[in-house]
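Peer 1: One file: final12.cif (mmCIF, C-alpha atoms).
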```
data_upload
#
loop_
_atom_site.label_atom_id
_atom_site.label_comp_id
_atom_site.auth_asym_id
_atom_site.auth_seq_id
_atom_site.Cartn_x
_atom_site.Cartn_y
_atom_site.Cartn_z
CA MET A 1454 112.90 37.31 151.02
CA LYS A 1455 109.26 37.78 151.66
CA PHE A 1456 106.98 35.34 153.36
CA PHE A 1457 103.70 36.03 151.67
CA LEU A 1458 103.07 35.06 148.08
CA LYS A 1459 100.63 36.76 145.79
CA CYS A 1460 98.17 34.51 144.01
CA ASP A 1461 100.02 34.51 140.69
CA GLU A 1462 103.24 33.61 142.48
CA ALA A 1463 101.47 30.86 144.39
CA VAL A 1464 100.09 29.45 141.14
CA HIS A 1465 103.61 29.43 139.70
CA VAL A 1466 104.99 27.52 142.70
CA CYS A 1467 102.04 25.15 142.42
CA ASP A 1468 102.94 24.40 138.78
CA LYS A 1469 106.59 23.91 139.67
CA SER A 1470 105.80 21.54 142.50
CA GLN A 1471 103.82 19.36 140.07
CA TYR A 1472 107.20 18.61 138.54
CA ASN A 1473 109.05 18.48 141.86
CA GLU A 1474 110.89 21.63 140.98
CA ALA A 1475 109.79 23.86 143.83
CA SER A 1476 112.29 24.44 146.64
CA PHE A 1477 111.49 23.63 150.23
CA PHE A 1478 111.11 27.30 151.08
CA GLU A 1479 108.82 27.89 148.11
CA LYS A 1480 106.63 25.00 149.15
CA LEU A 1481 106.46 26.35 152.70
CA LYS A 1482 105.36 29.77 151.46
CA PHE A 1483 102.86 28.08 149.19
CA LYS A 1484 101.39 26.08 152.09
CA MET A 1485 100.97 29.31 154.03
CA HIS A 1486 99.30 30.95 151.07
CA ILE A 1487 96.71 28.25 150.56
CA LEU A 1488 95.89 28.31 154.25
CA ILE A 1489 94.41 31.73 153.76
CA CYS A 1490 93.43 31.63 150.07
CA ALA A 1491 90.53 29.36 149.16
CA LEU A 1492 90.83 30.14 145.45
CA CYS A 1493 94.41 28.93 145.23
CA ARG A 1494 93.55 25.97 147.45
CA GLY A 1495 90.93 24.88 144.93
CA HIS A 1496 93.32 25.45 142.06
CA ALA A 1497 96.04 23.41 143.76
CA LYS A 1498 93.64 20.53 144.28
CA ARG A 1499 92.66 20.49 140.60
CA ASN A 1500 96.25 20.87 139.50
CA THR A 1501 97.39 17.94 141.62
CA LYS A 1502 94.50 15.86 140.34
CA LEU A 1503 95.64 16.59 136.78
CA THR A 1504 99.15 15.42 137.63
CA GLU A 1505 97.78 12.20 139.12
CA THR A 1506 95.51 11.65 136.14
CA ILE A 1507 98.38 12.01 133.68
CA LYS A 1508 100.47 9.65 135.78
CA ALA A 1509 97.65 7.09 135.91
CA ALA A 1510 97.35 7.18 132.12
CA ASN A 1511 100.94 5.93 131.87
CA LEU A 1512 101.36 7.55 128.48
CA LYS A 1513 104.16 6.44 126.23
CA THR A 1514 105.84 8.32 123.46
CA LEU A 1515 108.07 7.09 120.70
CA LEU A 1516 111.69 8.15 120.88
CA PRO A 1517 112.75 10.93 118.49
CA GLU A 1518 114.97 8.41 116.64
CA GLU A 1519 112.04 6.05 116.21
CA LYS A 1520 109.96 8.87 114.81
CA GLU A 1521 112.76 9.74 112.40
CA VAL A 1522 112.73 6.15 111.13
CA LEU A 1523 108.98 6.35 110.55
CA LYS A 1524 109.36 9.67 108.77
CA THR A 1525 112.10 8.41 106.50
CA ARG A 1526 110.10 5.33 105.51
CA LEU A 1527 107.03 7.42 104.83
CA GLN A 1528 109.05 9.90 102.83
CA GLN A 1529 110.66 7.16 100.74
CA GLU A 1530 107.30 5.62 100.01
CA ALA A 1531 105.87 9.00 99.05
CA ASN A 1532 108.70 9.61 96.60
CA ASN A 1533 108.38 6.14 95.06
CA GLY A 1534 104.66 6.66 94.65
CA SER A 1535 105.04 9.93 92.81
CA GLU A 1536 107.61 8.50 90.39
CA SER A 1537 105.63 5.48 89.32
CA MET B 208 92.60 20.87 97.89
CA GLU B 209 94.93 18.51 99.70
CA LEU B 210 92.95 16.89 102.49
CA LEU B 211 95.80 14.95 104.05
CA ASN B 212 99.24 16.04 105.18
CA PRO B 213 101.41 12.92 105.28
CA ASP B 214 104.44 15.05 106.16
CA GLN B 215 102.82 15.88 109.46
CA TRP B 216 101.52 12.40 110.25
CA VAL B 217 104.43 11.26 112.37
CA ASP B 218 104.56 14.45 114.43
CA ASN B 219 100.82 14.65 114.83
CA TYR B 220 99.68 11.08 115.25
CA ALA B 221 102.60 8.73 115.98
CA ASP B 222 102.22 9.01 119.75
CA TYR B 223 98.47 8.61 119.60
CA LEU B 224 98.67 5.56 117.34
CA TYR B 225 101.44 4.13 119.50
CA ASN B 226 99.41 4.39 122.69
CA TYR B 227 96.44 2.89 120.88
CA THR B 228 98.53 -0.02 119.60
CA ILE B 229 100.74 -0.83 122.57
CA VAL B 230 97.78 -1.74 124.79
CA ARG B 231 96.47 -4.07 122.12
CA VAL B 232 99.63 -5.89 121.05
CA ASN B 233 101.85 -5.27 124.07
CA ASP B 234 105.08 -5.36 122.10
CA HIS B 235 107.13 -2.29 121.35
CA ILE B 236 108.63 -3.53 118.08
CA VAL B 237 105.37 -4.95 116.73
CA ALA B 238 103.60 -1.71 117.63
CA GLN B 239 106.14 0.32 115.68
CA ASP B 240 105.82 -1.96 112.66
CA LEU B 241 102.05 -1.70 112.72
CA ILE B 242 102.20 2.07 112.89
CA SER B 243 104.66 2.19 110.04
CA GLU B 244 102.42 -0.08 107.94
CA THR B 245 99.43 2.07 108.81
CA PHE B 246 101.12 5.21 107.56
CA LEU B 247 102.22 3.48 104.36
CA ALA B 248 98.76 2.05 103.76
CA GLY B 249 97.33 5.49 104.42
CA LEU B 250 99.64 6.97 101.83
CA LYS B 251 98.59 4.39 99.26
CA SER B 252 94.89 4.86 99.76
CA LYS B 253 95.16 8.61 100.12
CA LYS B 254 92.65 9.21 97.37
CA ASN B 255 90.01 7.19 99.21
CA PHE B 256 90.00 9.72 102.01
CA LYS B 257 86.93 11.85 101.61
CA GLY B 258 87.45 14.15 104.53
CA GLU B 259 84.32 12.94 106.29
CA ALA B 260 86.27 11.86 109.35
CA SER B 261 89.27 13.52 110.88
CA GLU B 262 92.68 12.44 109.67
CA ARG B 263 93.30 10.71 112.99
CA THR B 264 90.06 8.73 112.95
CA TRP B 265 90.82 7.63 109.41
CA LEU B 266 94.33 6.48 110.36
CA ILE B 267 92.94 4.66 113.40
CA SER B 268 90.50 2.78 111.18
CA ILE B 269 93.42 1.58 109.05
CA LEU B 270 95.41 0.71 112.15
CA LYS B 271 92.52 -1.36 113.54
CA ARG B 272 92.58 -3.54 110.45
CA LYS B 273 96.35 -3.90 110.72
CA ILE B 274 96.02 -5.05 114.33
CA ILE B 275 93.34 -7.59 113.37
CA ASP B 276 95.56 -8.87 110.55
CA TYR B 277 98.42 -9.18 112.98
CA TYR B 278 96.36 -11.37 115.30
CA ARG B 279 95.09 -13.48 112.40
CA LYS B 280 98.66 -14.11 111.39
CA ILE B 281 99.88 -15.20 114.81
CA ASN B 282 96.74 -17.24 115.38
CA SER B 283 97.29 -19.24 112.24
CA LYS B 284 100.67 -20.25 113.62
CA LYS B 285 99.16 -21.29 116.92
CA GLY B 286 98.16 -24.84 115.92
CA LYS B 287 101.77 -25.72 115.41
CA ALA B 288 102.74 -24.86 118.93
CA GLU B 289 102.76 -27.30 121.81
CA VAL B 290 101.44 -26.22 125.16
CA HIS B 291 103.40 -27.05 128.26
CA ILE B 292 101.98 -26.28 131.63
CA ALA B 293 104.49 -25.37 134.26
CA TYR B 294 103.07 -26.12 137.66
CA ARG B 295 104.32 -23.94 140.43
CA ASP B 296 105.35 -26.85 142.65
CA GLU B 297 105.03 -30.60 142.79
CA ASP B 298 101.99 -30.58 145.07
CA SER B 299 99.91 -28.65 142.60
CA GLU B 300 100.71 -31.01 139.74
CA GLY B 301 97.51 -32.36 138.23
CA ASP B 302 95.32 -29.61 139.71
CA TRP B 303 92.64 -28.06 137.56
CA LEU B 304 94.18 -25.61 135.14
CA GLU B 305 91.46 -23.12 135.93
CA GLU B 306 92.86 -22.82 139.43
CA ASN B 307 96.10 -21.66 137.95
CA ALA B 308 94.54 -19.06 135.68
CA ALA B 309 94.30 -15.41 136.54
CA ASP B 310 91.55 -14.46 138.95
CA PRO B 311 88.70 -12.99 136.89
CA PHE B 312 87.70 -10.81 139.81
CA ASP B 313 91.10 -9.29 139.96
CA LYS B 314 90.29 -5.78 138.86
CA THR B 315 93.67 -4.79 137.52
CA ALA B 316 92.95 -5.81 133.93
CA GLU B 317 89.88 -3.63 133.82
CA ASP B 318 91.70 -0.82 135.55
CA THR B 319 94.48 -0.87 132.99
CA MET B 320 91.96 -0.90 130.18
CA GLU B 321 90.38 2.24 131.57
CA ASN B 322 93.79 3.83 131.88
CA LYS B 323 94.48 3.15 128.22
CA GLU B 324 91.35 4.98 127.23
CA LEU B 325 92.40 7.76 129.56
CA GLY B 326 95.73 8.07 127.81
CA LEU B 327 93.99 8.55 124.47
CA ALA B 328 91.60 11.07 126.00
CA ILE B 329 94.58 13.09 127.24
CA LEU B 330 96.25 12.99 123.82
CA GLU B 331 93.00 14.06 122.16
CA CYS B 332 92.76 17.01 124.55
CA LEU B 333 96.35 17.94 123.76
CA ASP B 334 95.29 18.29 120.12
CA LYS B 335 93.35 21.37 121.12
CA LEU B 336 96.54 23.15 122.12
CA PRO B 337 98.72 25.10 119.72
CA GLN B 338 101.34 22.72 118.30
CA LYS B 339 104.34 24.23 120.09
CA GLN B 340 102.53 24.36 123.43
CA ALA B 341 101.52 20.71 123.08
CA THR B 342 105.03 19.58 122.13
CA ILE B 343 106.66 21.41 125.02
CA PHE B 344 104.03 20.18 127.46
CA LYS B 345 104.53 16.58 126.32
CA LYS B 346 108.30 16.87 126.60
CA LYS B 347 108.04 18.24 130.10
CA THR B 348 105.21 16.12 131.46
CA ILE B 349 105.33 12.80 129.65
CA GLU B 350 108.94 12.49 128.64
CA ASN B 351 110.17 14.21 131.82
CA PHE B 352 112.71 16.47 130.17
CA ASP B 353 114.58 18.98 132.33
CA THR B 354 113.38 22.55 132.27
CA GLU B 355 116.86 23.56 131.22
CA ALA B 356 117.03 21.12 128.31
CA ILE B 357 113.69 22.27 126.90
CA CYS B 358 114.61 25.94 127.28
CA LYS B 359 117.79 25.32 125.36
CA GLU B 360 116.08 23.39 122.59
CA TYR B 361 113.39 25.99 121.99
CA ASN B 362 115.50 28.98 122.93
CA ILE B 363 113.10 30.23 125.58
CA THR B 364 113.53 31.39 129.18
CA PRO B 365 112.34 29.31 132.14
CA SER B 366 109.57 31.81 132.80
CA ASN B 367 108.41 31.45 129.16
CA LEU B 368 108.37 27.72 129.72
CA TRP B 369 106.30 27.94 132.88
CA VAL B 370 103.77 30.20 131.18
CA ILE B 371 103.43 27.64 128.38
CA ILE B 372 103.10 24.80 130.88
CA HIS B 373 100.54 26.71 132.89
CA ARG B 374 98.37 27.45 129.86
CA ALA B 375 98.62 23.88 128.64
CA ARG B 376 97.64 22.50 132.04
CA LYS B 377 94.70 24.86 132.23
CA THR B 378 93.33 23.87 128.84
CA LEU B 379 93.99 20.20 129.48
CA ALA B 380 92.26 20.25 132.87
CA GLU B 381 89.17 21.92 131.41
CA CYS B 382 89.07 19.52 128.48
CA LEU B 383 89.43 16.43 130.65
CA GLU B 384 86.81 17.66 133.07
CA LYS B 385 84.41 17.92 130.17
CA ASN B 386 85.34 14.75 128.27
CA TRP B 387 86.65 12.34 130.85
CA PHE B 388 85.42 13.02 134.36
CA ASN B 389 81.84 13.44 133.25
#
```
As structure tokens - that is how I would like this structure written.

Peer 2:
Amino acid sequence: MKFFLKCDEAVHVCDKSQYNEASFFEKLKFKMHILICALCRGHAKRNTKLTETIKAANLKTLLPEEKEVLKTRLQQEANNGSES
Amino acid sequence: MELLNPDQWVDNYADYLYNYTIVRVNDHIVAQDLISETFLAGLKSKKNFKGEASERTWLISILKRKIIDYYRKINSKKGKAEVHIAYRDEDSEGDWLEENAADPFDKTAEDTMENKELGLAILECLDKLPQKQATIFKKKTIENFDTEAICKEYNITPSNLWVIIHRARKTLAECLEKNWFN
């Protein structure tokens, strides 16, 4: 186990922690990295802002089943239209 | 040349239309019906599409009319309804109704409105991504699927997934910075 992350590794941990999937140890190493790396610090700030923005938008999606229903109806209508 | 691809409509626009509708009618079932009607109406008037606007803009213009029709319909039923005012307690009975209405200076309504627009801006930015990238990003970020579940579905490794997510986030951040935060 090494203590110092390279930038690309730090960026990866940063992405993972946006989804709460970084381990405690990874987050610790990441904190140490951004203490010394201004570039990754800036990136982390933007990345977190993006996460917050998406959360604030409170986006909804239709369930796959609901989309299937829409597709079937559309398909039926398309077939009817071509016959008549 | 075929200008419209109805086969792709649901995959490409259902979520966008849904987010557009749900903030205006605030009812999941009604929203789904309106979207379904929009697609069907789009199919019927396919030959009127001249390709001047994007497919999405065209569908939204149909949807707008459907939403207006929906409100006309429920408004015409309104006269038949009786209005009962439920006062919060006995002391407030007979108070001015205005005092019981929502505070106009309460900012939440405006805030939510802005958030709705934001949601559409995000979905528009996602259009710029390659289809697969956008789908995987949506699954992971909006629908909160597990990394493992997505990897299984698309037969990719976790590191593949994170590369896709990273690229998507990068494009999305740039797009939003240009179109939303400015």

Peer 1: What does the PyMOL selection byres ((chain B) within 8 of (chain A)) select in this file, as a PDB file with C-alpha atoms, in the coordinates of the input?

Peer 2:
```
ATOM      1  CA  PRO B 213     101.410  12.920 105.280  1.00  0.00           C
ATOM      2  CA  ASP B 214     104.440  15.050 106.160  1.00  0.00           C
ATOM      3  CA  VAL B 217     104.430  11.260 112.370  1.00  0.00           C
ATOM      4  CA  ASP B 218     104.560  14.450 114.430  1.00  0.00           C
ATOM      5  CA  ALA B 221     102.600   8.730 115.980  1.00  0.00           C
ATOM      6  CA  ASP B 222     102.220   9.010 119.750  1.00  0.00           C
ATOM      7  CA  TYR B 225     101.440   4.130 119.500  1.00  0.00           C
ATOM      8  CA  ASN B 226      99.410   4.390 122.690  1.00  0.00           C
ATOM      9  CA  SER B 243     104.660   2.190 110.040  1.00  0.00           C
ATOM     10  CA  PHE B 246     101.120   5.210 107.560  1.00  0.00           C
ATOM     11  CA  LEU B 247     102.220   3.480 104.360  1.00  0.00           C
ATOM     12  CA  LEU B 250      99.640   6.970 101.830  1.00  0.00           C
ATOM     13  CA  LYS B 251      98.590   4.390  99.260  1.00  0.00           C
ATOM     14  CA  ASN B 322      93.790   3.830 131.880  1.00  0.00           C
ATOM     15  CA  LYS B 323      94.480   3.150 128.220  1.00  0.00           C
ATOM     16  CA  LEU B 325      92.400   7.760 129.560  1.00  0.00           C
ATOM     17  CA  GLY B 326      95.730   8.070 127.810  1.00  0.00           C
ATOM     18  CA  ILE B 329      94.580  13.090 127.240  1.00  0.00           C
ATOM     19  CA  THR B 348     105.210  16.120 131.460  1.00  0.00           C
ATOM     20  CA  ILE B 349     105.330  12.800 129.650  1.00  0.00           C
ATOM     21  CA  GLU B 350     108.940  12.490 128.640  1.00  0.00           C
ATOM     22  CA  TRP B 369     106.300  27.940 132.880  1.00  0.00           C
ATOM     23  CA  ILE B 372     103.100  24.800 130.880  1.00  0.00           C
ATOM     24  CA  HIS B 373     100.540  26.710 132.890  1.00  0.00           C
ATOM     25  CA  ARG B 376      97.640  22.500 132.040  1.00  0.00           C
ATOM     26  CA  ALA B 380      92.260  20.250 132.870  1.00  0.00           C
TER      27      ALA B 380
END
```

Peer 1: Could you list, as JSON, numbers by chain, every residue matched by the PyMOL selection byres ((chain B and resi 260-270) around 10) in this structure?

Peer 2: {"B": [210, 211, 212, 213, 216, 219, 220, 221, 223, 224, 227, 228, 241, 242, 243, 244, 245, 246, 248, 249, 252, 256, 257, 258, 259, 271, 272, 273, 274, 275, 276, 331]}

Peer 1: Just the number, please: distance in Å from atom CA of Asn386 of chain B to atom CA of Glu321 of chain B, one decimal.

Peer 2: 13.9 Å

Peer 1: Please, which residues are within 8 Å of (100.4, 31.1, 149.9) by the file's coordinates, counting all atoms listed in the file, and could they come as a list in words?

Peer 2: Phe1457, Leu1458, Lys1459, Cys1460, Ala1463, Lys1482, Phe1483, Lys1484, Met1485, His1486, Ile1487, Leu1488, Ile1489, Cys1490 and Cys1493 of chain A

Peer 1: Starting from the displayed file, determine the output of the PyMOL selection byres ((chain B and resi 335) around 12) and express the residue list as a list in words.

Peer 2: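 Those residues are Asn219, Ala328, Ile329, Leu330, Glu331, Cys332, Leu333, Asp334, Leu336, Pro337, Gln338, Lys339, Gln340, Ala341, Thr342, Arg374, Ala375, Arg376, Lys377, Thr378, Leu379, Ala380, Glu381, Cys382 and Leu383 of chain B.
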
Peer 1: Selected residues, C-alpha atoms, written as a PDB file, keeping the file's coordinate frame, please.

Peer 2:
```pdb
ATOM      1  CA  ASN B 219     100.820  14.650 114.830  1.00  0.00           C
ATOM      2  CA  ALA B 328      91.600  11.070 126.000  1.00  0.00           C
ATOM      3  CA  ILE B 329      94.580  13.090 127.240  1.00  0.00           C
ATOM      4  CA  LEU B 330      96.250  12.990 123.820  1.00  0.00           C
ATOM      5  CA  GLU B 331      93.000  14.060 122.160  1.00  0.00           C
ATOM      6  CA  CYS B 332      92.760  17.010 124.550  1.00  0.00           C
ATOM      7  CA  LEU B 333      96.350  17.940 123.760  1.00  0.00           C
ATOM      8  CA  ASP B 334      95.290  18.290 120.120  1.00  0.00           C
ATOM      9  CA  LEU B 336      96.540  23.150 122.120  1.00  0.00           C
ATOM     10  CA  PRO B 337      98.720  25.100 119.720  1.00  0.00           C
ATOM     11  CA  GLN B 338     101.340  22.720 118.300  1.00  0.00           C
ATOM     12  CA  LYS B 339     104.340  24.230 120.090  1.00  0.00           C
ATOM     13  CA  GLN B 340     102.530  24.360 123.430  1.00  0.00           C
ATOM     14  CA  ALA B 341     101.520  20.710 123.080  1.00  0.00           C
ATOM     15  CA  THR B 342     105.030  19.580 122.130  1.00  0.00           C
ATOM     16  CA  ARG B 374      98.370  27.450 129.860  1.00  0.00           C
ATOM     17  CA  ALA B 375      98.620  23.880 128.640  1.00  0.00           C
ATOM     18  CA  ARG B 376      97.640  22.500 132.040  1.00  0.00           C
ATOM     19  CA  LYS B 377      94.700  24.860 132.230  1.00  0.00           C
ATOM     20  CA  THR B 378      93.330  23.870 128.840  1.00  0.00           C
ATOM     21  CA  LEU B 379      93.990  20.200 129.480  1.00  0.00           C
ATOM     22  CA  ALA B 380      92.260  20.250 132.870  1.00  0.00           C
ATOM     23  CA  GLU B 381      89.170  21.920 131.410  1.00  0.00           C
ATOM     24  CA  CYS B 382      89.070  19.520 128.480  1.00  0.00           C
ATOM     25  CA  LEU B 383      89.430  16.430 130.650  1.00  0.00           C
TER      26      LEU B 383
END
```

Peer 1: One number please: atom CA of Thr1525 of chain A to atom CA of Lys280 of chain B, in Å, one decimal.

Peer 2: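 Between atom CA of Thr1525 of chain A and atom CA of Lys280 of chain B the gap is 26.7 Å.
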
Peer 1: For atom CA of Gly1495 of chain A and atom CA of Asp1461 of chain A, quote the distance in Å rounded to one decimal.

Peer 2: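 Calculated distance between atom CA of Gly1495 of chain A and atom CA of Asp1461 of chain A is 13.9 Å.
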